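Listing of input10.tsv, TSV, C-alpha atoms
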chain	number	residue	atom	x	y	z
A	1	MET	CA	-1.34	-16.93	-93.05
A	2	LYS	CA	1.90	-14.96	-92.87
A	3	ILE	CA	1.09	-11.29	-92.42
A	4	VAL	CA	3.30	-8.21	-92.28
A	5	ILE	CA	1.93	-5.01	-90.77
A	6	MET	CA	3.75	-1.72	-91.25
A	7	GLY	CA	2.94	0.81	-88.56
A	8	CYS	CA	2.27	-0.10	-84.95
A	9	GLY	CA	-0.08	2.69	-83.97
A	10	ARG	CA	-3.43	2.04	-82.36
A	11	VAL	CA	-4.89	0.46	-85.47
A	12	GLY	CA	-1.76	-1.50	-86.32
A	13	ALA	CA	-1.40	-2.89	-82.79
A	14	ALA	CA	-5.08	-3.79	-82.54
A	15	LEU	CA	-5.03	-5.50	-85.94
A	16	ALA	CA	-1.86	-7.40	-85.02
A	17	GLY	CA	-3.55	-8.57	-81.80
A	18	LEU	CA	-6.68	-9.75	-83.60
A	19	LEU	CA	-4.81	-11.66	-86.31
A	20	ASP	CA	-2.37	-13.16	-83.82
A	21	ALA	CA	-5.21	-14.39	-81.62
A	22	GLU	CA	-6.67	-16.14	-84.66
A	23	GLY	CA	-3.44	-18.05	-85.08
A	24	HIS	CA	-1.85	-16.16	-87.97
A	25	SER	CA	1.87	-15.56	-88.04
A	26	VAL	CA	2.18	-11.78	-87.69
A	27	THR	CA	5.19	-9.46	-87.96
A	28	VAL	CA	4.82	-5.79	-87.04
A	29	LEU	CA	7.21	-3.18	-88.37
A	30	ASP	CA	7.63	0.28	-86.88
A	31	LEU	CA	10.29	2.99	-86.86
A	32	ASP	CA	10.04	3.38	-83.09
A	33	SER	CA	10.33	0.45	-80.67
A	34	TYR	CA	8.27	2.46	-78.16
A	35	SER	CA	5.23	1.86	-80.38
A	36	PHE	CA	5.33	-1.86	-79.59
A	37	ARG	CA	4.04	-1.10	-76.07
A	38	ARG	CA	0.62	-0.96	-77.70
A	39	LEU	CA	0.72	-4.65	-78.64
A	40	PRO	CA	-1.39	-6.84	-76.34
A	41	SER	CA	0.64	-8.80	-73.78
A	42	SER	CA	-0.67	-12.02	-75.32
A	43	PHE	CA	0.92	-11.15	-78.71
A	44	LYS	CA	3.11	-14.03	-79.90
A	45	GLY	CA	4.21	-12.56	-83.23
A	46	LYS	CA	7.36	-10.66	-84.11
A	47	SER	CA	7.93	-6.95	-83.66
A	48	LEU	CA	10.72	-5.38	-85.67
A	49	VAL	CA	12.21	-1.88	-85.70
A	50	GLY	CA	12.63	-0.82	-89.30
A	51	ASN	CA	11.50	1.36	-92.14
A	52	GLY	CA	8.75	-0.25	-94.20
A	53	ILE	CA	9.81	1.64	-97.30
A	54	ASP	CA	13.20	-0.04	-97.19
A	55	GLU	CA	13.45	-3.35	-99.05
A	56	ASP	CA	15.93	-4.81	-96.58
A	57	ALA	CA	13.68	-4.09	-93.62
A	58	LEU	CA	10.75	-5.63	-95.48
A	59	LYS	CA	12.81	-8.73	-96.25
A	60	LYS	CA	13.77	-9.03	-92.60
A	61	ALA	CA	10.09	-8.86	-91.76
A	62	GLY	CA	9.54	-11.81	-94.07
A	63	ILE	CA	7.83	-9.99	-96.92
A	64	GLU	CA	9.07	-12.61	-99.40
A	65	GLN	CA	6.97	-15.31	-97.77
A	66	ALA	CA	4.08	-13.06	-96.73
A	67	ASP	CA	0.53	-13.74	-97.86
A	68	ALA	CA	-0.69	-10.30	-96.87
A	69	PHE	CA	0.73	-6.83	-96.21
A	70	PHE	CA	-0.93	-3.91	-94.44
A	71	ALA	CA	0.44	-0.36	-94.68
A	72	ILE	CA	-1.05	1.66	-91.83
A	73	THR	CA	1.44	4.32	-90.78
A	74	GLN	CA	0.33	7.92	-90.34
A	75	GLY	CA	1.77	8.95	-93.72
A	76	ASP	CA	-0.38	8.40	-96.80
A	77	ASN	CA	2.56	8.56	-99.16
A	78	ARG	CA	4.67	6.26	-97.05
A	79	ASN	CA	1.84	3.75	-97.07
A	80	ILE	CA	1.45	4.10	-100.82
A	81	LEU	CA	5.17	3.65	-101.47
A	82	ALA	CA	5.47	0.63	-99.17
A	83	SER	CA	2.34	-0.99	-100.62
A	84	GLN	CA	3.61	-0.62	-104.14
A	85	ILE	CA	6.96	-2.14	-103.14
A	86	ALA	CA	5.12	-5.09	-101.56
A	87	LYS	CA	2.88	-5.50	-104.58
A	88	HIS	CA	5.23	-4.85	-107.49
A	89	ILE	CA	8.64	-5.91	-106.15
A	90	PHE	CA	7.71	-8.74	-103.79
A	91	SER	CA	4.44	-9.81	-105.47
A	92	VAL	CA	2.57	-10.13	-102.17
A	93	LYS	CA	-0.87	-11.54	-102.99
A	94	ARG	CA	-2.90	-9.27	-100.76
A	95	VAL	CA	-1.80	-5.69	-100.13
A	96	ILE	CA	-4.04	-3.29	-98.22
A	97	CYS	CA	-3.18	0.35	-97.77
A	98	ARG	CA	-4.62	3.11	-95.59
A	99	ILE	CA	-4.90	6.47	-97.37
A	100	TYR	CA	-6.45	9.30	-95.33
A	101	ASP	CA	-6.85	11.64	-98.33
A	102	PRO	CA	-10.04	10.48	-100.11
A	103	LEU	CA	-8.98	11.83	-103.52
A	104	ARG	CA	-5.68	10.03	-103.36
A	105	GLN	CA	-7.43	6.88	-102.19
A	106	GLU	CA	-9.76	7.03	-105.17
A	107	LEU	CA	-6.86	7.41	-107.59
A	108	TYR	CA	-4.87	4.50	-106.16
A	109	GLU	CA	-7.93	2.28	-106.02
A	110	SER	CA	-8.38	2.96	-109.73
A	111	LEU	CA	-4.73	2.04	-110.26
A	112	GLY	CA	-5.40	-1.34	-108.69
A	113	LEU	CA	-4.12	-0.73	-105.18
A	114	GLU	CA	-6.56	-2.01	-102.56
A	115	SER	CA	-6.97	0.92	-100.20
A	116	ILE	CA	-9.22	2.32	-97.52
A	117	SER	CA	-9.86	5.94	-96.61
A	118	PRO	CA	-10.87	6.10	-92.93
A	119	THR	CA	-11.78	9.75	-93.47
A	120	ILE	CA	-14.73	8.98	-95.73
A	121	ILE	CA	-15.81	5.95	-93.73
A	122	PHE	CA	-15.81	7.82	-90.43
A	123	ALA	CA	-17.58	10.87	-91.85
A	124	ASP	CA	-20.21	8.52	-93.17
A	125	ILE	CA	-20.64	6.81	-89.79
A	126	LEU	CA	-21.05	10.19	-88.07
A	127	LYS	CA	-23.66	11.25	-90.60
A	128	LYS	CA	-25.58	8.01	-90.12
A	129	LYS	CA	-25.50	8.51	-86.34
A	130	LEU	CA	-27.21	11.83	-86.74
A	131	GLU	CA	-29.82	10.39	-89.05
A	132	GLY	CA	-30.45	7.77	-86.36
B	1	MET	CA	7.52	24.80	-121.50
B	2	TYR	CA	5.29	24.90	-118.45
B	3	ILE	CA	7.05	23.01	-115.66
B	4	ILE	CA	5.77	22.29	-112.15
B	5	VAL	CA	8.36	21.75	-109.45
B	6	VAL	CA	7.17	19.98	-106.30
B	7	GLY	CA	9.41	20.80	-103.35
B	8	GLY	CA	10.99	24.18	-102.78
B	9	GLY	CA	13.98	23.16	-100.68
B	10	ARG	CA	17.53	23.61	-101.84
B	11	VAL	CA	17.24	21.33	-104.86
B	12	GLY	CA	13.89	22.84	-105.84
B	13	TYR	CA	15.19	26.37	-105.45
B	14	TYR	CA	18.23	25.96	-107.67
B	15	LEU	CA	16.36	23.84	-110.20
B	16	THR	CA	13.69	26.53	-110.48
B	17	LYS	CA	16.29	29.24	-110.83
B	18	ALA	CA	17.99	27.35	-113.66
B	19	LEU	CA	14.71	26.63	-115.44
B	20	LEU	CA	13.64	30.27	-115.22
B	21	GLU	CA	16.95	31.37	-116.65
B	22	GLU	CA	16.32	29.06	-119.60
B	23	GLY	CA	13.06	30.88	-120.19
B	24	HIS	CA	10.59	28.27	-118.97
B	25	GLU	CA	7.38	29.02	-117.13
B	26	VAL	CA	7.79	27.47	-113.69
B	27	LEU	CA	5.50	27.00	-110.72
B	28	VAL	CA	6.78	25.67	-107.40
B	29	ILE	CA	4.56	23.86	-104.89
B	30	GLU	CA	5.96	23.84	-101.35
B	31	LYS	CA	4.41	22.95	-97.99
B	32	ASN	CA	6.58	25.15	-95.82
B	33	GLN	CA	5.64	28.82	-95.74
B	34	ALA	CA	9.18	29.97	-94.98
B	35	TYR	CA	10.56	28.26	-98.10
B	36	CYS	CA	7.69	29.71	-100.16
B	37	ASP	CA	8.56	33.20	-98.95
B	38	ILE	CA	12.21	32.83	-99.92
B	39	ILE	CA	11.34	31.71	-103.44
B	40	ASN	CA	8.66	34.35	-103.94
B	41	GLU	CA	10.98	37.07	-102.74
B	42	GLU	CA	14.04	36.02	-104.69
B	43	LEU	CA	12.71	34.41	-107.86
B	44	GLY	CA	9.39	36.25	-108.32
B	45	THR	CA	5.94	35.16	-107.14
B	46	ILE	CA	5.97	31.66	-108.58
B	47	CYS	CA	5.57	29.55	-105.46
B	48	VAL	CA	2.26	28.38	-104.02
B	49	ARG	CA	1.96	26.87	-100.60
B	50	GLY	CA	0.43	23.43	-100.56
B	51	ASP	CA	0.83	19.69	-100.73
B	52	GLY	CA	2.03	18.76	-104.21
B	53	CYS	CA	0.54	15.28	-103.82
B	54	GLU	CA	-2.97	16.59	-103.40
B	55	ALA	CA	-5.05	16.54	-106.53
B	56	SER	CA	-6.85	19.79	-105.65
B	57	VAL	CA	-3.56	21.66	-105.22
B	58	LEU	CA	-2.25	20.29	-108.49
B	59	ALA	CA	-5.50	21.20	-110.26
B	60	GLU	CA	-5.24	24.77	-109.05
B	61	ALA	CA	-1.63	24.90	-110.18
B	62	GLY	CA	-2.77	24.17	-113.73
B	63	THR	CA	-1.16	20.77	-113.84
B	64	ALA	CA	-3.45	19.73	-116.68
B	65	ARG	CA	-1.55	22.01	-119.05
B	66	ALA	CA	1.91	21.28	-117.65
B	67	ASN	CA	4.47	19.75	-119.98
B	68	MET	CA	6.48	18.35	-117.13
B	69	LEU	CA	6.38	17.79	-113.38
B	70	VAL	CA	9.56	17.43	-111.38
B	71	ALA	CA	9.27	16.16	-107.80
B	72	VAL	CA	12.33	17.02	-105.73
B	73	THR	CA	11.26	16.85	-102.11
B	74	GLY	CA	13.51	14.89	-99.75
B	75	ASP	CA	10.96	12.10	-99.38
B	76	ASP	CA	10.74	9.26	-101.89
B	77	GLY	CA	7.10	8.55	-101.05
B	78	ASP	CA	6.07	12.17	-101.60
B	79	ASN	CA	7.93	12.33	-104.90
B	80	LEU	CA	6.40	9.08	-106.13
B	81	VAL	CA	2.85	10.12	-105.29
B	82	ALA	CA	3.23	13.61	-106.78
B	83	CYS	CA	4.40	12.04	-110.05
B	84	GLN	CA	1.72	9.35	-110.07
B	85	VAL	CA	-1.08	11.85	-109.42
B	86	ALA	CA	0.31	14.14	-112.14
B	87	LYS	CA	0.55	11.27	-114.58
B	88	HIS	CA	-2.73	9.46	-113.94
B	89	LYS	CA	-5.01	12.32	-112.98
B	90	PHE	CA	-3.64	15.12	-115.16
B	91	ASN	CA	-1.91	13.23	-117.97
B	92	VAL	CA	1.33	15.17	-117.59
B	93	PRO	CA	3.52	13.88	-120.43
B	94	ARG	CA	6.79	13.81	-118.51
B	95	THR	CA	7.35	13.19	-114.82
B	96	ILE	CA	10.71	13.27	-113.09
B	97	ALA	CA	11.34	12.12	-109.53
B	98	ARG	CA	14.28	12.60	-107.23
B	99	ILE	CA	14.90	9.50	-105.14
B	100	ARG	CA	17.05	9.00	-102.08
B	101	ASN	CA	17.03	5.23	-101.84
B	102	PRO	CA	18.68	4.00	-105.07
B	103	ARG	CA	16.69	0.78	-104.82
B	104	ASN	CA	13.49	2.64	-105.51
B	105	GLU	CA	14.68	3.28	-109.05
B	106	ILE	CA	13.34	-0.08	-110.26
B	107	LEU	CA	9.95	0.41	-108.61
B	108	PHE	CA	9.52	3.98	-109.89
B	109	LYS	CA	10.32	2.84	-113.45
B	110	LYS	CA	7.84	0.00	-113.14
B	111	LEU	CA	5.19	2.42	-112.00
B	112	GLY	CA	5.68	4.63	-115.04
B	113	ILE	CA	7.72	7.53	-113.69
B	114	ASP	CA	9.60	8.71	-116.79
B	115	ILE	CA	12.90	9.67	-115.22
B	116	THR	CA	14.37	9.05	-111.79
B	117	ILE	CA	17.42	10.72	-110.39
B	118	SER	CA	19.01	9.12	-107.40
B	119	SER	CA	20.85	11.81	-105.47
B	120	THR	CA	22.68	9.06	-103.59
B	121	ASN	CA	23.97	7.53	-106.82
B	122	VAL	CA	24.97	10.91	-108.20
B	123	ILE	CA	27.04	11.64	-105.10
B	124	LEU	CA	28.56	8.14	-105.19
B	125	GLU	CA	29.61	8.65	-108.79
B	126	GLN	CA	31.18	11.99	-107.99
B	127	ILE	CA	33.15	10.41	-105.18
B	128	THR	CA	34.29	7.39	-107.18
B	129	ASP	CA	35.37	9.90	-109.80
B	130	VAL	CA	37.98	11.36	-107.53
B	131	VAL	CA	39.04	8.07	-105.98
B	132	PRO	CA	42.11	7.34	-108.14
B	133	THR	CA	41.78	3.56	-108.03
B	134	HIS	CA	38.39	3.56	-109.70
B	135	PRO	CA	38.98	2.03	-113.14
B	136	VAL	CA	35.93	3.09	-115.14
B	137	THR	CA	34.08	6.32	-114.51
B	138	HIS	CA	30.58	6.87	-115.84
B	139	LEU	CA	30.34	10.27	-117.44
B	140	HIS	CA	26.98	10.19	-119.13
B	141	GLU	CA	24.17	7.81	-119.87
B	142	ILE	CA	22.36	7.88	-123.22
B	143	ARG	CA	19.33	5.95	-122.08
B	144	GLU	CA	17.33	5.96	-125.32
B	145	LYS	CA	20.21	4.27	-127.14
B	146	GLY	CA	21.30	1.99	-124.32
B	147	LEU	CA	24.76	3.50	-124.37
B	148	GLU	CA	26.98	5.28	-121.95
B	149	ILE	CA	30.04	7.46	-122.08
B	150	VAL	CA	32.81	6.34	-119.77
B	151	GLU	CA	36.32	7.36	-118.91
B	152	VAL	CA	39.05	4.77	-118.47
B	153	LYS	CA	42.40	5.65	-116.95
B	154	ILE	CA	45.30	3.66	-118.37
B	155	PRO	CA	47.59	2.41	-115.62
B	156	GLN	CA	51.36	1.89	-115.85
B	157	GLY	CA	52.11	-1.63	-117.04
B	158	ALA	CA	48.78	-2.28	-118.75
B	159	LEU	CA	48.99	-4.52	-121.82
B	160	SER	CA	47.44	-1.78	-123.93
B	161	VAL	CA	50.31	0.64	-123.24
B	162	GLY	CA	52.35	1.24	-126.41
B	163	LYS	CA	49.79	-0.48	-128.64
B	164	GLU	CA	47.98	1.23	-131.47
B	165	VAL	CA	44.21	1.48	-131.18
B	166	LYS	CA	43.63	-0.95	-134.08
B	167	ASP	CA	45.66	-3.64	-132.30
B	168	ILE	CA	43.59	-3.60	-129.14
B	169	SER	CA	40.66	-6.01	-129.16
B	170	LEU	CA	37.83	-3.83	-127.95
B	171	PRO	CA	34.34	-5.20	-127.25
B	172	ALA	CA	32.10	-4.97	-130.33
B	173	GLY	CA	30.52	-1.61	-130.91
B	174	THR	CA	32.89	0.30	-128.64
B	175	MET	CA	33.95	3.70	-129.86
B	176	LEU	CA	37.01	5.38	-128.44
B	177	THR	CA	36.20	9.03	-128.93
B	178	LEU	CA	38.89	11.01	-127.17
B	179	ILE	CA	42.23	10.59	-125.47
B	180	ILE	CA	43.21	13.09	-122.85
B	181	ARG	CA	46.93	13.22	-122.23
B	182	LYS	CA	48.85	15.33	-119.76
B	183	SER	CA	50.16	18.63	-121.12
B	184	GLN	CA	48.64	18.04	-124.56
B	185	LYS	CA	45.45	18.93	-126.32
B	186	PRO	CA	42.87	16.14	-126.27
B	187	ILE	CA	43.39	13.78	-129.25
B	188	PRO	CA	40.56	12.22	-131.25
B	189	PRO	CA	42.07	8.74	-131.68
B	190	THR	CA	42.68	7.19	-135.10
B	191	PRO	CA	43.44	3.47	-135.67
B	192	THR	CA	47.14	4.25	-135.44
B	193	THR	CA	47.08	6.36	-132.28
B	194	GLN	CA	49.28	4.86	-129.60
B	195	ILE	CA	47.91	4.37	-126.11
B	196	LEU	CA	50.20	5.62	-123.37
B	197	ALA	CA	50.23	5.08	-119.63
B	198	GLU	CA	48.27	7.72	-117.71
B	199	ASP	CA	46.02	8.41	-120.72
B	200	GLN	CA	42.40	9.11	-119.96
B	201	VAL	CA	40.38	7.41	-122.67
B	202	ILE	CA	36.79	8.50	-123.28
B	203	ALA	CA	34.65	5.79	-124.86
B	204	VAL	CA	31.04	5.24	-125.90
B	205	ILE	CA	29.92	1.71	-125.02
B	206	ASP	CA	27.06	-0.59	-124.21
B	207	PRO	CA	27.01	-0.63	-120.37
B	208	LYS	CA	26.97	-4.43	-120.39
B	209	LEU	CA	30.39	-4.47	-122.05
B	210	GLU	CA	32.02	-2.24	-119.49
B	211	ASP	CA	33.92	-5.08	-117.89
B	212	GLU	CA	35.34	-6.23	-121.23
B	213	LEU	CA	36.44	-2.68	-122.03
B	214	ARG	CA	38.14	-2.45	-118.68
B	215	LYS	CA	40.04	-5.69	-119.36
B	216	ALA	CA	41.02	-4.58	-122.88
B	217	LEU	CA	42.41	-1.24	-121.75
B	218	ARG	CA	43.58	-1.88	-118.21
B	219	GLY	CA	44.35	-5.61	-118.22
B	220	MET	CA	47.84	-6.36	-116.94
B	221	SER	CA	48.53	-9.83	-118.32
As structure tokens - that is how I would like this structure written.
Amino acid sequence: MKIVIMGCGRVGAALAGLLDAEGHSVTVLDLDSYSFRRLPSSFKGKSLVGNGIDEDALKKAGIEQADAFFAITQGDNRNILASQIAKHIFSVKRVICRIYDPLRQELYESLGLESISPTIIFADILKKKLEG
Amino acid sequence: MYIIVVGGGRVGYYLTKALLEEGHEVLVIEKNQAYCDIINEELGTICVRGDGCEASVLAEAGTARANMLVAVTGDDGDNLVACQVAKHKFNVPRTIARIRNPRNEILFKKLGIDITISSTNVILEQITDVVPTHPVTHLHEIREKGLEIVEVKIPQGALSVGKEVKDISLPAGTMLTLIIRKSQKPIPPTPTTQILAEDQVIAVIDPKLEDELRKALRGMS
């Protein structure tokens, strides 16, 4: 699969590493080239400096041929904007978006945007830990 | 009308001021305390501190009874989300978003934002206005009717110079509404008004026919 990941933080870099190791063709997009240090040394995909909410940068990252797009920067709204560009402008089949704010995540899920709120998931895990 | 303004920076400040002067009820939502303080001190206590994209903040602001929400932060993503939350969670009838990247206009329309204003495009238009070589200037868009009002400057040597309005083959549906001529009062053109070089012609047209209008009025041969 061709996969574009926006945001090369810890999660983005780890995800890129996993998918790359499985043989997918991965492109990672980040505003800061320094972020790419987090990619594993075995990473064979592309890393590109650019703004994922800019159509030109997305095109350079190969969004037009992409089968999947992940938006996992620190900014909820940036992720939401980029995901909607990928989905509605470039018709990417699978778009997955991280939204920290649970209320916002709920709303966008209801609008048909596949999204995950790590906040809720992590809170839940912590609670389960306590309950043993 | 009850209007919520998201973003209390320079655009938000002056927009709010203008809306208040028109007698509207306005509430500003701004993240930065310093900007909140300025607005509350100078325009009356109408600014709450908070994230205008957060449903709880919008709920507290009474968004459910708002007639309109205008998002004018400097970030396209923030403006989009504020409008989408207002629209889908609170059924605000009219949402307006400022956008910086003109390309986002198409996406925002697709996603149901009622009106988008691209500050970049507005500035571009202002600049092309004062660049003398620019042939057709957009003055106003009448979106509901699919029309726009444009200004065409007639250059020396154009084929239209010296002709009467009725003898110029204008694209169908074009209305020449005003001719502005140096050192004269503006003239509402009649079929027998003569076009002169240096005239500024104001016309109402279908934007698709702009190129034809330009050829008809400015064509050289």
Can you list every residue of chain B that has an atom at most 9 Å from chain A, with its nearest atom pair and the distance in Å to one decimal, using only C-alpha atoms, ordered by chain then number, as a Markdown table?
| residue | atom | partner | partner_atom | distance |
| --- | --- | --- | --- | --- |
| B:Cys53 | CA | A:Arg104 | CA | 8.2 |
| B:Glu54 | CA | A:Arg104 | CA | 7.1 |
| B:Ala55 | CA | A:Leu103 | CA | 6.8 |
| B:Ser56 | CA | A:Leu103 | CA | 8.5 |
| B:Asp75 | CA | A:Arg78 | CA | 8.9 |
| B:Asp76 | CA | A:Leu81 | CA | 7.9 |
| B:Gly77 | CA | A:Asn77 | CA | 4.9 |
| B:Asp78 | CA | A:Asn77 | CA | 5.6 |
| B:Asn79 | CA | A:Asn77 | CA | 8.7 |
| B:Leu80 | CA | A:Leu81 | CA | 7.3 |
| B:Val81 | CA | A:Asn77 | CA | 6.3 |
| B:Val85 | CA | A:Leu107 | CA | 7.5 |
| B:His88 | CA | A:Leu107 | CA | 7.8 |
| B:Lys89 | CA | A:Leu107 | CA | 7.5 |
| B:Asn101 | CA | A:Asp54 | CA | 8.0 |
| B:Arg103 | CA | A:Glu55 | CA | 7.8 |
| B:Asn104 | CA | A:Ile85 | CA | 8.4 |
| B:Ile106 | CA | A:Ile89 | CA | 8.5 |
| B:Leu107 | CA | A:Ile85 | CA | 6.7 |
| B:Lys110 | CA | A:His88 | CA | 7.9 |
| B:Leu111 | CA | A:His88 | CA | 8.6 |
>> For Gly23 of chain A, find every residue with an atom within 10 Å (counting all atoms listed in the file), except residues of its own chain fewer than 5 positions away, and show them as number ranges by chain.
In response: A: 1-2, 18, 44-45
> How far is it from atom CA of Arg38 of chain A to atom CA of Ala13 of chain A, in Å with one decimal?
Replying inline: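 For atom CA of Arg38 of chain A relative to atom CA of Ala13 of chain A, the distance reads 5.8 Å.
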Can you tell me, as a PDB file with C-alpha atoms, in the frame of the given file, what residues are no more than 10 Å from Pro171 of chain B when counting only C-alpha atoms, ignoring any on the same chain fewer than 2 positions away?
ATOM      1  CA  ILE B 168      43.590  -3.600-129.140  1.00  0.00           C
ATOM      2  CA  SER B 169      40.660  -6.010-129.160  1.00  0.00           C
ATOM      3  CA  GLY B 173      30.520  -1.610-130.910  1.00  0.00           C
ATOM      4  CA  THR B 174      32.890   0.300-128.640  1.00  0.00           C
ATOM      5  CA  MET B 175      33.950   3.700-129.860  1.00  0.00           C
ATOM      6  CA  ILE B 205      29.920   1.710-125.020  1.00  0.00           C
ATOM      7  CA  ASP B 206      27.060  -0.590-124.210  1.00  0.00           C
ATOM      8  CA  LEU B 209      30.390  -4.470-122.050  1.00  0.00           C
ATOM      9  CA  GLU B 210      32.020  -2.240-119.490  1.00  0.00           C
ATOM     10  CA  ASP B 211      33.920  -5.080-117.890  1.00  0.00           C
ATOM     11  CA  GLU B 212      35.340  -6.230-121.230  1.00  0.00           C
ATOM     12  CA  LEU B 213      36.440  -2.680-122.030  1.00  0.00           C
ATOM     13  CA  ARG B 214      38.140  -2.450-118.680  1.00  0.00           C
ATOM     14  CA  LYS B 215      40.040  -5.690-119.360  1.00  0.00           C
ATOM     15  CA  ALA B 216      41.020  -4.580-122.880  1.00  0.00           C
TER      16      ALA B 216
END
>> Measuring between all atoms listed in the file, which one of A:Gln105, A:Gln65, A:Ser91, A:Ser47 shows the shortest distance to Val26 of chain A?
In response: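 Closest to Val26 of chain A, using all atoms listed in the file: A:Ser47.
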Find the residues near Asp20 of chain A: any atom within 12 Å, counting only C-alpha atoms, skip ones fewer than 5 places away on the same chain, and give them as a CSV table (one decimal) with C-alpha atoms, in the coordinates of the input.
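To be explicit, this is the file written out as out.csv:
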chain,number,residue,atom,x,y,z
A,1,MET,CA,-1.3,-16.9,-93.0
A,2,LYS,CA,1.9,-15.0,-92.9
A,3,ILE,CA,1.1,-11.3,-92.4
A,4,VAL,CA,3.3,-8.2,-92.3
A,5,ILE,CA,1.9,-5.0,-90.8
A,12,GLY,CA,-1.8,-1.5,-86.3
A,13,ALA,CA,-1.4,-2.9,-82.8
A,14,ALA,CA,-5.1,-3.8,-82.5
A,15,LEU,CA,-5.0,-5.5,-85.9
A,25,SER,CA,1.9,-15.6,-88.0
A,26,VAL,CA,2.2,-11.8,-87.7
A,27,THR,CA,5.2,-9.5,-88.0
A,28,VAL,CA,4.8,-5.8,-87.0
A,39,LEU,CA,0.7,-4.6,-78.6
A,40,PRO,CA,-1.4,-6.8,-76.3
A,41,SER,CA,0.6,-8.8,-73.8
A,42,SER,CA,-0.7,-12.0,-75.3
A,43,PHE,CA,0.9,-11.2,-78.7
A,44,LYS,CA,3.1,-14.0,-79.9
A,45,GLY,CA,4.2,-12.6,-83.2
A,46,LYS,CA,7.4,-10.7,-84.1
> Could you pull the residues within 7 Å of Val28 of chain B, counting all atoms listed in the file, minus those fewer than 4 positions along the same chain, as a list in words?
Replying inline: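 Contacts, in chain order: Ile4, Val5, Val6, Gly7, Gly8, Ile46, Cys47 and Val48 of chain B.
Taking atom CA of Tyr13 of chain B and atom CA of Glu125 of chain B as the two end points, the separation is 23.1 Å.
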>> If we count only C-alpha atoms and set the cut-off at 9 Å, which residues sit around Ala66 of chain B, ignoring sequence neighbours fewer than 5 positions away in its own chain? Please answer as a ChimeraX atom specification.
In response: /B:1-4,90-94
> Between A:Val92, A:Leu58, A:Cys8, A:Leu19, which is the closest to Arg37 of chain A once you count only C-alpha atoms?
Replying inline: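 Among A:Val92, A:Leu58, A:Cys8, A:Leu19, it is A:Cys8 that comes nearest to Arg37 of chain A.
Note that the spacing between atom CA of Val201 of chain B and atom CA of Val136 of chain B amounts to 9.8 Å.
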>> Under the rule that all atoms listed in the file are counted, which of B:Lys153, B:Lys31, B:Lys185, B:Lys166 is the nearest residue to Leu217 of chain B?
In response: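 Smallest distance to Leu217 of chain B is found for B:Lys153.
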